[in-house]
Structures are given as C-alpha cells and as structure tokens.
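S.K.: This is target12.csv, which holds CSV, C-alpha atoms:
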```csv
chain,number,residue,atom,x,y,z
A,1,MET,CA,43.8,95.3,156.9
A,2,ALA,CA,43.3,97.7,154.0
A,3,THR,CA,44.9,96.9,150.7
A,4,PRO,CA,47.6,99.5,149.7
A,5,ARG,CA,46.8,101.4,146.6
A,6,PRO,CA,49.1,100.3,143.7
A,7,SER,CA,51.4,102.6,141.8
A,8,PRO,CA,50.4,103.6,138.3
A,9,ALA,CA,52.7,101.0,136.7
A,10,GLU,CA,51.1,98.2,138.7
A,11,ARG,CA,47.5,99.0,137.7
A,12,ALA,CA,45.5,96.9,135.2
A,13,PRO,CA,43.7,97.9,132.0
A,14,ILE,CA,40.3,99.6,132.3
A,15,GLY,CA,37.2,97.4,132.0
A,16,GLN,CA,33.8,98.3,130.8
A,17,ASN,CA,32.2,97.8,134.3
A,18,ALA,CA,35.1,99.2,136.2
A,19,ARG,CA,34.8,101.0,139.5
A,20,PRO,CA,37.7,103.5,139.6
A,21,GLU,CA,37.4,104.1,143.3
A,22,GLU,CA,38.3,100.5,144.0
A,23,PRO,CA,42.1,99.6,144.0
A,24,CYS,CA,43.4,96.4,142.4
A,25,GLU,CA,46.7,94.6,142.4
A,26,GLU,CA,48.7,92.5,140.0
A,27,ARG,CA,50.9,89.6,140.8
A,28,ALA,CA,52.6,87.2,138.6
A,29,GLU,CA,52.2,83.4,138.8
A,30,PRO,CA,55.2,81.1,138.1
A,31,THR,CA,53.7,80.4,134.7
A,32,GLY,CA,54.1,84.1,133.8
A,33,ARG,CA,50.4,84.9,133.5
A,34,PRO,CA,49.2,87.8,135.6
A,35,GLU,CA,46.5,87.2,138.2
A,36,ARG,CA,44.1,89.9,139.2
A,37,ARG,CA,43.2,90.0,142.9
A,38,GLU,CA,39.9,91.9,143.4
A,39,PRO,CA,39.0,93.7,146.6
A,40,ARG,CA,36.5,92.1,148.9
A,41,GLY,CA,32.9,92.8,148.2
A,42,SER,CA,33.5,93.6,144.5
A,43,SER,CA,33.0,91.5,141.4
A,44,ALA,CA,35.3,93.5,139.1
A,45,CYS,CA,38.3,95.8,139.4
A,46,SER,CA,40.0,98.3,137.1
A,47,CYS,CA,42.6,100.9,137.4
A,48,LEU,CA,43.2,104.2,135.7
A,49,ALA,CA,46.6,103.6,134.3
A,50,CYS,CA,48.7,102.1,131.5
A,51,PRO,CA,48.3,98.5,130.4
A,52,VAL,CA,50.8,96.3,132.2
A,53,LEU,CA,52.7,93.4,130.6
A,54,PRO,CA,53.0,90.0,132.3
A,55,VAL,CA,56.1,89.4,134.4
A,56,ARG,CA,58.0,86.7,132.5
A,57,SER,CA,61.5,85.5,132.0
A,58,HIS,CA,64.5,87.5,130.7
A,59,SER,CA,62.8,87.7,127.3
A,60,SER,CA,59.8,89.7,128.6
A,61,LEU,CA,59.3,93.3,127.7
A,62,PRO,CA,59.9,95.9,130.4
A,63,VAL,CA,57.2,97.5,132.5
A,64,PRO,CA,57.4,101.3,132.8
A,65,SER,CA,58.2,102.5,136.3
A,66,GLY,CA,55.7,105.4,135.9
A,67,CYS,CA,53.2,106.9,133.6
A,68,VAL,CA,53.1,110.3,131.9
A,69,THR,CA,49.9,112.1,131.8
A,70,ALA,CA,48.6,114.2,128.9
A,71,ALA,CA,50.7,117.3,127.9
A,72,GLN,CA,53.8,115.8,129.5
A,73,VAL,CA,56.9,114.6,127.7
A,74,THR,CA,59.7,112.4,129.2
A,75,SER,CA,63.0,111.6,127.6
A,76,GLU,CA,65.7,109.1,128.5
A,77,THR,CA,68.8,107.6,126.9
A,78,ARG,CA,69.6,103.9,126.5
A,79,GLU,CA,72.8,102.3,125.2
A,80,VAL,CA,72.7,98.7,123.8
A,81,PRO,CA,75.5,96.7,122.2
A,82,GLU,CA,75.1,96.0,118.5
A,83,ASN,CA,73.4,92.7,117.6
A,84,GLN,CA,71.8,92.5,121.0
A,85,SER,CA,68.1,92.8,121.9
A,86,ALA,CA,66.8,96.2,123.0
A,87,ASP,CA,63.7,97.1,125.0
A,88,ILE,CA,62.2,100.6,124.5
A,89,PRO,CA,59.5,101.4,127.0
A,90,CYS,CA,56.6,103.8,126.4
A,91,SER,CA,56.1,105.9,129.5
A,92,ALA,CA,53.1,107.8,128.1
A,93,CYS,CA,49.8,106.4,129.3
A,94,CYS,CA,46.1,107.0,129.4
A,95,SER,CA,44.2,108.6,132.2
A,96,GLN,CA,40.7,107.8,131.1
A,97,ARG,CA,38.6,104.7,130.3
A,98,GLY,CA,38.7,103.3,126.8
A,99,THR,CA,41.3,102.2,124.3
A,100,PRO,CA,43.9,104.8,123.5
A,101,ARG,CA,45.5,105.2,120.1
A,102,ILE,CA,49.3,104.4,120.3
A,103,GLU,CA,51.8,105.5,117.7
A,104,TRP,CA,55.5,104.9,117.5
A,105,LYS,CA,57.9,107.1,115.5
A,106,PHE,CA,61.6,106.9,114.7
A,107,GLN,CA,63.6,110.1,114.3
A,108,LYS,CA,67.2,110.2,113.0
A,109,GLY,CA,68.5,113.6,112.2
A,110,SER,CA,65.9,115.4,110.1
A,111,SER,CA,64.2,112.1,109.0
A,112,LEU,CA,61.0,111.0,110.8
A,113,VAL,CA,59.3,107.7,109.9
A,114,LEU,CA,56.4,105.8,111.4
A,115,LEU,CA,57.2,102.6,113.2
A,116,TYR,CA,53.8,101.6,114.6
A,117,TYR,CA,50.7,103.1,113.2
A,118,ASP,CA,47.0,102.2,112.8
A,119,GLY,CA,47.4,99.2,115.0
A,120,GLN,CA,50.3,97.6,113.1
A,121,LEU,CA,54.0,97.7,112.6
A,122,THR,CA,55.3,99.3,109.4
A,123,GLU,CA,58.0,98.0,107.1
A,124,PRO,CA,60.8,97.1,107.7
A,125,TYR,CA,60.1,96.8,111.4
A,126,ARG,CA,57.4,94.1,111.0
A,127,GLU,CA,59.8,91.3,111.1
A,128,ARG,CA,62.2,92.8,113.6
A,129,VAL,CA,60.1,94.3,116.3
A,130,GLN,CA,57.7,93.0,118.9
A,131,PHE,CA,54.9,95.4,120.0
A,132,SER,CA,53.0,95.7,123.2
A,133,PRO,CA,51.1,98.7,124.6
A,134,SER,CA,53.8,99.5,127.0
A,135,ALA,CA,57.0,98.8,125.0
A,136,ILE,CA,58.6,97.7,121.8
A,137,ARG,CA,61.4,95.2,121.5
A,138,PHE,CA,64.1,94.7,118.9
A,139,GLY,CA,65.4,91.2,118.5
A,140,ALA,CA,68.8,92.5,117.4
A,141,VAL,CA,69.7,96.1,116.9
A,142,THR,CA,72.2,97.4,114.3
A,143,ARG,CA,74.0,100.7,114.1
A,144,ALA,CA,71.3,102.0,111.8
A,145,ASP,CA,68.8,101.8,114.7
A,146,THR,CA,70.6,104.5,116.6
A,147,GLY,CA,68.2,107.4,117.0
A,148,LYS,CA,65.2,108.8,118.9
A,149,TYR,CA,62.0,106.6,119.4
A,150,ILE,CA,58.9,108.6,120.2
A,151,CYS,CA,55.8,107.0,121.7
A,152,GLU,CA,52.5,109.0,121.5
A,153,VAL,CA,49.3,108.0,123.2
A,154,VAL,CA,46.1,109.7,122.1
A,155,GLU,CA,43.2,109.4,124.5
A,156,SER,CA,39.5,109.6,123.5
A,157,SER,CA,39.6,113.3,124.6
A,158,SER,CA,42.3,113.9,122.0
A,159,GLN,CA,44.8,114.6,124.7
A,160,ILE,CA,48.3,113.4,123.8
A,161,ALA,CA,50.9,112.0,126.2
A,162,LYS,CA,54.4,111.5,124.8
A,163,SER,CA,57.6,109.8,125.8
A,164,GLU,CA,61.0,109.7,124.0
A,165,VAL,CA,63.9,107.3,124.2
A,166,ASN,CA,67.3,108.1,122.7
A,167,LEU,CA,68.7,104.7,121.6
A,168,ILE,CA,72.5,104.5,121.1
A,169,VAL,CA,73.7,101.3,119.6
A,170,GLN,CA,77.2,100.6,120.8
A,171,VAL,CA,79.7,99.9,118.1
A,172,PRO,CA,83.4,99.7,118.8
A,173,PRO,CA,85.6,102.1,116.7
A,174,SER,CA,87.4,100.9,113.6
A,175,LYS,CA,91.0,101.6,112.8
A,176,PRO,CA,91.3,105.4,112.4
A,177,VAL,CA,93.2,107.2,109.7
A,178,ALA,CA,95.8,109.9,110.6
A,179,HIS,CA,96.3,112.8,108.2
A,180,VAL,CA,99.8,114.1,108.9
A,181,PRO,CA,101.8,116.4,106.6
A,182,THR,CA,105.2,114.9,105.8
A,183,SER,CA,106.9,118.3,106.1
A,184,ALA,CA,106.2,121.6,107.9
A,185,THR,CA,108.1,124.9,107.9
A,186,ILE,CA,109.3,126.1,111.2
A,187,GLY,CA,107.3,129.2,112.3
A,188,SER,CA,104.2,128.2,110.2
A,189,LYS,CA,101.0,126.4,111.1
A,190,ALA,CA,100.5,122.6,110.7
A,191,VAL,CA,97.2,120.8,111.2
A,192,LEU,CA,97.0,117.0,111.9
A,193,ARG,CA,93.7,115.2,111.7
A,194,CYS,CA,92.4,111.9,112.9
A,195,SER,CA,89.2,110.3,111.4
A,196,GLU,CA,87.1,107.3,112.2
A,197,ALA,CA,83.7,106.4,110.7
A,198,ASP,CA,82.1,103.4,112.6
A,199,GLY,CA,82.3,104.1,116.3
A,200,SER,CA,79.0,104.6,118.2
A,201,PRO,CA,78.8,106.6,120.3
A,202,PRO,CA,81.3,108.8,118.5
A,203,PRO,CA,84.8,108.1,119.8
A,204,THR,CA,87.3,110.5,121.4
A,205,PHE,CA,90.8,110.8,120.1
A,206,ARG,CA,94.3,110.9,121.5
A,207,TRP,CA,97.6,111.6,119.8
A,208,TYR,CA,101.0,110.1,120.2
A,209,LYS,CA,104.4,111.3,119.2
A,210,ASN,CA,107.3,108.8,119.0
A,211,GLY,CA,105.1,106.4,121.0
A,212,MET,CA,104.4,108.9,123.9
A,213,LEU,CA,101.0,110.2,124.7
A,214,MET,CA,100.6,113.9,124.0
A,215,PRO,CA,98.8,115.8,126.9
A,216,ALA,CA,96.0,118.2,126.2
A,217,ASP,CA,98.3,121.0,127.6
A,218,PRO,CA,101.9,120.8,126.4
A,219,LYS,CA,103.1,123.0,129.2
A,220,SER,CA,102.0,120.5,131.7
A,221,SER,CA,104.6,117.9,130.5
A,222,PRO,CA,108.4,118.4,130.6
A,223,THR,CA,108.6,116.3,127.4
A,224,PHE,CA,106.3,118.6,125.4
A,225,ARG,CA,106.8,122.0,127.0
A,226,ASN,CA,108.9,123.2,124.0
A,227,SER,CA,105.9,122.6,121.6
A,228,SER,CA,103.0,124.9,121.0
A,229,TYR,CA,99.9,123.0,120.0
A,230,THR,CA,96.2,122.6,120.7
A,231,LEU,CA,94.4,119.2,120.8
A,232,ASP,CA,90.6,118.7,120.3
A,233,ALA,CA,89.8,115.2,121.7
A,234,ALA,CA,86.2,115.3,120.2
A,235,THR,CA,87.3,116.0,116.6
A,236,GLY,CA,90.8,114.6,116.6
A,237,VAL,CA,92.4,117.8,115.3
A,238,LEU,CA,95.9,118.5,116.5
A,239,THR,CA,97.2,122.0,115.5
A,240,PHE,CA,100.8,123.2,115.8
A,241,GLU,CA,101.1,127.0,115.8
A,242,PRO,CA,103.8,127.8,115.3
A,243,VAL,CA,105.8,124.7,114.3
A,244,SER,CA,109.2,124.4,116.0
A,245,SER,CA,112.2,122.1,115.3
A,246,PHE,CA,111.1,120.0,118.3
A,247,ASP,CA,107.9,119.0,116.5
A,248,THR,CA,109.8,116.6,114.1
A,249,GLY,CA,108.7,113.0,114.9
A,250,ASP,CA,106.4,110.1,114.2
A,251,TYR,CA,102.7,110.7,114.9
A,252,TYR,CA,99.7,108.4,115.2
A,253,CYS,CA,96.3,108.8,116.7
A,254,GLU,CA,94.0,106.5,118.8
A,255,ALA,CA,90.2,106.3,118.8
A,256,SER,CA,88.1,104.9,121.8
A,257,ASN,CA,84.5,105.1,123.0
A,258,ASN,CA,84.5,102.6,125.9
A,259,VAL,CA,83.1,99.9,123.5
A,260,GLY,CA,85.6,97.3,122.6
A,261,SER,CA,89.4,98.0,122.4
A,262,PRO,CA,90.9,101.4,121.4
A,263,GLN,CA,92.1,101.4,117.8
A,264,LYS,CA,95.4,103.1,116.6
A,265,SER,CA,96.3,104.5,113.2
A,266,GLU,CA,99.5,104.0,111.3
A,267,ALA,CA,102.4,106.3,112.3
A,268,ILE,CA,103.4,109.0,109.9
A,269,ARG,CA,106.6,111.1,110.2
A,270,MET,CA,106.5,114.9,110.0
A,271,GLU,CA,109.7,116.8,109.4
A,272,ALA,CA,110.0,120.4,110.7
A,273,SER,CA,112.6,122.5,108.7
A,274,GLU,CA,113.7,126.0,108.2
A,275,VAL,CA,112.9,128.0,105.1
A,276,ASN,CA,115.6,127.2,102.4
A,277,VAL,CA,116.5,130.7,101.2
A,278,GLY,CA,119.4,129.5,99.1
A,279,GLY,CA,117.2,127.0,97.3
A,280,ILE,CA,114.6,129.6,96.6
A,281,VAL,CA,117.2,132.0,95.1
A,282,ALA,CA,118.6,129.2,93.0
A,283,ALA,CA,115.2,128.3,91.6
A,284,VAL,CA,114.5,132.0,90.7
A,285,VAL,CA,117.9,132.2,88.9
A,286,VAL,CA,117.2,129.0,86.9
A,287,LEU,CA,113.8,130.3,86.0
A,288,LEU,CA,115.2,133.6,84.7
A,289,MET,CA,117.8,131.7,82.6
A,290,VAL,CA,115.1,129.6,81.0
A,291,LEU,CA,113.1,132.7,80.1
A,292,ALA,CA,116.2,134.4,78.6
A,293,LEU,CA,117.0,131.4,76.5
A,294,ALA,CA,113.4,131.2,75.2
A,295,ALA,CA,113.4,134.9,74.3
A,296,PHE,CA,116.8,134.5,72.5
A,297,GLY,CA,115.4,131.5,70.5
A,298,VAL,CA,112.3,133.6,69.4
A,299,TRP,CA,114.6,136.5,68.3
A,300,PHE,CA,116.9,134.2,66.4
A,301,ALA,CA,114.1,132.5,64.5
A,302,TYR,CA,112.6,135.9,63.6
A,303,THR,CA,115.8,137.3,62.2
A,304,ARG,CA,116.2,134.2,60.1
A,305,GLY,CA,112.8,134.8,58.5
A,306,PHE,CA,111.1,131.8,60.0
A,307,PHE,CA,108.2,134.0,61.1
A,308,SER,CA,108.0,136.2,57.8
A,309,LYS,CA,105.3,135.8,55.2
A,310,ARG,CA,106.1,133.6,52.2
A,311,ARG,CA,106.5,135.5,48.9
A,312,ASP,CA,103.6,135.3,46.4
A,313,THR,CA,104.8,133.2,43.5
A,314,THR,CA,101.5,133.0,41.7
A,315,GLY,CA,101.4,136.7,40.5
A,316,LYS,CA,102.5,137.9,37.1
A,317,LYS,CA,106.2,138.9,36.5
A,318,VAL,CA,107.1,141.5,33.9
A,319,ILE,CA,110.5,141.7,32.3
A,320,TYR,CA,111.6,144.9,30.5
A,321,SER,CA,114.5,145.2,28.1
A,322,GLN,CA,116.4,148.3,27.1
A,323,PRO,CA,115.3,150.0,23.8
A,324,SER,CA,117.7,149.7,20.9
A,325,HIS,CA,118.6,152.2,18.2
A,326,ARG,CA,116.4,151.9,15.1
A,327,SER,CA,115.8,153.8,12.0
A,328,GLU,CA,112.7,155.7,11.3
A,329,GLY,CA,109.9,153.7,10.0
A,330,GLU,CA,111.4,150.5,11.3
A,331,PHE,CA,109.4,148.7,13.9
A,332,LYS,CA,111.0,146.4,16.3
A,333,GLN,CA,109.8,144.7,19.5
A,334,THR,CA,111.6,146.3,22.4
A,335,SER,CA,109.9,144.5,25.3
A,336,SER,CA,108.3,141.2,26.0
A,337,PHE,CA,105.7,140.1,28.5
A,338,LEU,CA,105.7,136.9,30.3
A,339,VAL,CA,102.7,135.5,32.0
```
If you took the structure in this file and wrote it as structure tokens, what would it be?
M.R.:
Amino acid sequence: MATPRPSPAERAPIGQNARPEEPCEERAEPTGRPERREPRGSSACSCLACPVLPVRSHSSLPVPSGCVTAAQVTSETREVPENQSADIPCSACCSQRGTPRIEWKFQKGSSLVLLYYDGQLTEPYRERVQFSPSAIRFGAVTRADTGKYICEVVESSSQIAKSEVNLIVQVPPSKPVAHVPTSATIGSKAVLRCSEADGSPPPTFRWYKNGMLMPADPKSSPTFRNSSYTLDAATGVLTFEPVSSFDTGDYYCEASNNVGSPQKSEAIRMEASEVNVGGIVAAVVVLLMVLALAAFGVWFAYTRGFFSKRRDTTGKKVIYSQPSHRSEGEFKQTSSFLV
C-alpha cells in the first residue's frame, strides 16, 4: 500500500542527500522526540517544506497548519489574556533546499523594531521569548506586547515569504471617568464624554440616566423619546442637541470589552434650565451702575485738583513796591528783590 504524501506542515527539514521525489512522514513518540519513517528502498528522506517542531506537552510551540510560498503574505489575529503565555507561529516557509534566513519584527503604530535577527533574539526579548524556526513563544505577555509580529523567511534565491500575526493582549477595562456638565441651557448643545485608558481591546461604552440604560436611538424607548441625543459606543460621546427640560438627571457611563467585568463611572448630575433673562438684565444694570460710580469718582478727584500739576516752588519770586514821592536829587530804593 502506497504511503500518502504528507501535507507541507508535516514534512521534515531538507537534508544534504535528500531525494525530493520521495515522501516522508513524521510521528511523535511518547517521549516527545519526532521519529522519521523512511520509505522502503531508500536510505534517506527529506521534504520541501518548513521545519517542524516536535509534538510535545502543552508547553510545546505550535506547528503551522500550512506554509506560505515566496511572494505570499498571510495575516491572522490572536487574542491572549495578559500575563499568559502566547505562541506566535511563522507560516512563511522555504521551498528550496538549504537553510533560510529568518527574521522577526515587531510593529506597533509607526514603530518597527527587530525581534529576531542574525540568528539571535534582540533585547529585551532575549529573556522573555523562546525561538524556533516555525514559531516564537512569550512566557508571559503584557499589554505593551500588543501589536503586529512579522516573520520573514529569505531563501537562498533571495525570495521572501512573509507572515503576520496581530497579537491583542486582553486587558480588562479600568474604572472610566465621566465628563458631564453640571448645567446646560435648554435649547443649546451639551456633550458628555466617557474615557478609559487601560482596556485592550479598546472597550465600548454605554450611558445610564438615573440608573436606566440609554438606548442608541431615543425614539425606540418610551422612557427617552422626549430626548434628542446621539450616542457613539466606540468613543463614549453622548451629545444632546438640543437640550430639553427632560434631560435633567444623574448620568454615568460603563466600559466593557468582554474581558473581565464591565466598569462603571461615578454619577454626575446635569441640570437643564431656561435662560434667566431677568438675571442677565440685573447683571447689566449693576455693571452700568459700577461704571457710573467710577466715572463720578474720577471727575470729583479731577475737580479737587488731585490730578493737577504741583506748583513750582523752586523758582524766583519778585516783589514790587509802589514808588514814593521824593525830591529831586534824592535817591531812595523803591523796590527790593528777593531770591
């Protein structure tokens, strides 16, 4: 009976004296070490595929279900709870004999760093990650490990096969913070916001008024049909436009991401009121009175000479006296000068 040809993930590494036309099989012994079973009439066997890890206990690294040939790219998403181990497979594989060059990269936003390069793990992954040709393993992931892991396999012919894994480290949300205005004018616009910083994946938000869940469409509920608002569950923004007298109440928000228990914020009361025209008029009158008193004070000080220039007392003062009758030839001082 002919031996069935194994799938790419079940093939063994390429040997120097390999005969590619001969199939080979892999099976695991109870000890966890793989045993190669060669076809009859051959002394060696090799397969054109990725290296395969031994099948071991639960701590073993995963074996890719299929290989990606050169010029192909695969992508998948994996979610792992925080502080748990995570296995990230490399689906890219070689299609020729020889030892391919394997590189791992980690991308988070616009940042791209090397994780495995030139045959060794880089810092700070050296103490946290186990490497094998078909996968890497984190002993315990943290929320900072959330991102894209890129495996690139470069063959001797310089062809590149690539596989990507989007890792999401699951973190339950923390207690959110509700930003609610304490007062709002009827007929105006009021915006309520809910924020939370720790949840991964990012949580969705719900709003409550007086302990009752607010539906996305207020017209769908008899309790909220008199309100006019929009609710964005992704951003946690609740917008009233316009505000009505019915919108007075205690508001709080809730954040959840299916990891752990939902978290609720503190309740804050918002009062919706009419514009106080009488109060505005009274404030204007008081302001005018204050301005009038200030103007009167300035005028009074000016008339009393508080703003006039001080007289110059350092100059010379001349005193004249009236001339007296005197006879001819008689000289008499008729004026005096004081300095």
S.K.: I'd like to know which of A:Glu82, A:Glu76, A:Glu196, A:Glu241 is closest to A:Ser227, using only C-alpha atoms.
M.R.: A:Glu241
S.K.: Would you mind reading off the distance between atom CA of A:Phe138 and atom CA of A:Lys105, one decimal, in Å?
M.R.: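 Atom CA of A:Phe138 sits 14.3 Å away from atom CA of A:Lys105.
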S.K.: Nearest to A:Glu254 among A:Pro176, A:Gly139, A:Gly305, A:Gly147, with distances taken over all atoms listed in the file: which residue is it?
M.R.: A:Pro176
S.K.: Please, what distance in Å, to one decimal, runs between atom CA of A:Ile280 and atom CA of A:Ser228?
M.R.: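 Pair atom CA of A:Ile280 / atom CA of A:Ser228 returns 27.4 Å.
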S.K.: Which distance in Å separates atom CA of A:Arg269 and atom CA of A:Ala283, to one decimal?
M.R.: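 Pair atom CA of A:Arg269 / atom CA of A:Ala283 returns 26.8 Å.
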S.K.: I want to know what sits within 10 Å of stretch 110-122 of chain A, based on only C-alpha atoms, with residues of the same chain fewer than 3 positions away left out; could you give that as a VMD selection string?
M.R.: chain A and resid 101 to 107 125 to 131 136 148 to 151
S.K.: So that I can see what lies close to A:Ser156, please list as an MDAnalysis selection string the residues with an atom at most 7 Å from it, counting all atoms listed in the file and leaving out residues fewer than 2 positions away in the same chain.
M.R.: chainID A and resid 100 154 158
S.K.: Could you pull the residues within 9 Å of A:Pro262, counting all atoms listed in the file, minus those fewer than 4 positions along the same chain, as a ChimeraX atom specification?
M.R.: /A:172-175,254-258
S.K.: Counting all atoms listed in the file, which residues have an atom no more than 8 Å from (65.8, 94.5, 122.0) in the file's coordinates? Please list them as a ChimeraX atom specification.
M.R.: /A:84-88,136-141
S.K.: Which is closest to A:Arg206 among A:Val243, A:Ala272, A:Ala234, A:Ala190, if we use only C-alpha atoms?
M.R.: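 Of A:Val243, A:Ala272, A:Ala234, A:Ala190, the one nearest A:Arg206 is A:Ala234, counting only C-alpha atoms.
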S.K.: Between A:Glu164, A:Glu271, A:Asp217, A:Glu266, single out the one closest to A:Ala92, counting all atoms listed in the file.
M.R.: A:Glu164
S.K.: For A:Tyr252, please output as a PyMOL selection string all residues within 9 Å (counting only C-alpha atoms; exclusion window: fewer than 5 positions along the same chain).
M.R.: chain A and resi 177-180+194+206-211+264-269
S.K.: Counting only C-alpha atoms, which of A:Ala294, A:Met270, A:Leu288, A:Val73 gets nearest to A:Tyr251?
M.R.: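 When distances to A:Tyr251 are compared using only C-alpha atoms, the smallest one comes from A:Met270.
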S.K.: Between A:Ser221, A:Gln263, A:Thr230, A:Asn166, single out the one closest to A:Pro203, counting only C-alpha atoms.
M.R.: A:Gln263
